[in-house]
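K.L.:
Here you go, one structure.
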Amino acid sequence: GTGFRVSLAGSAEKMRLSWEAGQGERYQVQTSTNLVEWTDVGGPVTGSGPEAVSLPVGGGTAFYRVVRLP
C-alpha cells in the first residue's frame, strides 16, 4: 500500500510529528483548521529512515498530515 504510520507526541507547548520515511522518498508536512484547505509546514523532507519535525502549537484547533510527494 501507499500508507505509512505517523505519530504525534508532546505537550500543549510543543508537539513532535514523526513517521517512518522511505529512503529517498520526499514528504511534505501540512496543516489545516478545517480538513479542506491545507498549508505546507516548512519545505519538503527527503526520507532517510525515521523522520520527525517539531510543530508550532497555537491557540486554535489544528490538524496535521504528512503527504508523500511524487
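Chain labels follow the order of the C-alpha cells: the first chain is A, the next B, and so on; residue numbering restarts at 1 in every chain, and ligands are counted from 1 in their shown order.
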Excluding region 30-37 of chain A and any residue of its chain fewer than 3 positions from it, enumerate the residues within 9 Å of it, using only C-alpha atoms, and give them as a CSV table (one decimal) with N, CA and C atoms, in the first residue's frame.
P.N.:
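Below is the file result.csv, written as the result:
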chain,number,residue,atom,x,y,z
A,40,ASP,N,1.3,24.1,3.6
A,40,ASP,CA,2.6,23.4,3.9
A,40,ASP,C,3.2,24.0,5.2
A,41,VAL,N,3.9,23.1,6.0
A,41,VAL,CA,4.6,23.5,7.1
A,41,VAL,C,6.1,23.2,6.8
A,42,GLY,N,6.9,24.3,6.6
A,42,GLY,CA,8.2,24.1,6.1
A,42,GLY,C,8.3,23.6,4.7
A,60,GLY,N,-5.6,27.7,18.6
A,60,GLY,CA,-6.8,27.1,17.9
A,60,GLY,C,-6.6,25.6,17.6
A,61,THR,N,-7.7,25.1,17.0
A,61,THR,CA,-7.6,23.7,16.6
A,61,THR,C,-6.8,23.6,15.3
A,62,ALA,N,-5.9,22.6,15.2
A,62,ALA,CA,-5.1,22.4,14.0
A,62,ALA,C,-5.0,20.9,13.7
A,63,PHE,N,-5.1,20.6,12.5
A,63,PHE,CA,-4.9,19.2,12.0
A,63,PHE,C,-3.6,19.1,11.3
A,64,TYR,N,-2.9,18.0,11.3
A,64,TYR,CA,-1.6,17.9,10.6
A,64,TYR,C,-1.7,16.6,9.8
A,65,ARG,N,-1.0,16.6,8.6
A,65,ARG,CA,-0.8,15.3,7.8
A,65,ARG,C,0.5,15.4,7.2
A,66,VAL,N,1.0,14.2,6.8
A,66,VAL,CA,2.2,14.0,6.0
A,66,VAL,C,1.9,13.5,4.7
A,67,VAL,N,2.2,14.1,3.6
A,67,VAL,CA,1.9,13.7,2.2
A,67,VAL,C,3.2,13.3,1.6
K.L.:
Write out as a PyMOL selection string each polymer residue whose atoms come within 8 Å of region 12-28 of chain A, counting only C-alpha atoms; drop sequence neighbours fewer than 6 positions from it.
P.N.:
chain A and resi 4-6+40-57+66-70
K.L.:
From a DSSP calculation on the backbone, collect every residue of chain A in strand (DSSP E or B) and output the set as a CSV table (one decimal) with C-alpha atoms, in the first residue's frame.
P.N.:
chain,number,residue,atom,x,y,z
A,6,VAL,CA,2.5,8.8,11.5
A,7,SER,CA,2.6,9.6,15.2
A,8,LEU,CA,2.2,12.8,17.2
A,9,ALA,CA,3.5,13.3,20.7
A,10,GLY,CA,4.2,16.2,23.0
A,15,MET,CA,4.5,18.8,19.5
A,16,ARG,CA,6.6,16.4,17.5
A,17,LEU,CA,5.3,14.6,14.4
A,18,SER,CA,7.3,11.5,13.4
A,19,TRP,CA,7.0,8.9,10.7
A,20,GLU,CA,8.9,6.1,9.1
A,26,ARG,CA,10.0,13.0,-0.4
A,27,TYR,CA,7.4,14.1,2.1
A,28,GLN,CA,5.5,17.4,2.9
A,29,VAL,CA,4.0,18.1,6.3
A,30,GLN,CA,0.8,20.1,6.1
A,31,THR,CA,-1.6,21.8,8.5
A,32,SER,CA,-5.3,22.7,8.3
A,39,THR,CA,-1.0,24.7,4.1
A,40,ASP,CA,2.6,23.4,3.9
A,45,VAL,CA,11.6,16.4,3.7
A,46,THR,CA,13.7,13.7,1.9
A,50,PRO,CA,12.7,7.7,10.8
A,51,GLU,CA,11.9,11.4,10.3
A,52,ALA,CA,10.5,13.9,12.7
A,53,VAL,CA,9.5,17.6,12.7
A,54,SER,CA,8.6,20.0,15.6
A,55,LEU,CA,5.2,21.6,15.1
A,63,PHE,CA,-4.9,19.2,12.0
A,64,TYR,CA,-1.6,17.9,10.6
A,65,ARG,CA,-0.8,15.3,7.8
A,66,VAL,CA,2.2,14.0,6.0
A,67,VAL,CA,1.9,13.7,2.2
A,68,ARG,CA,4.3,11.6,0.1
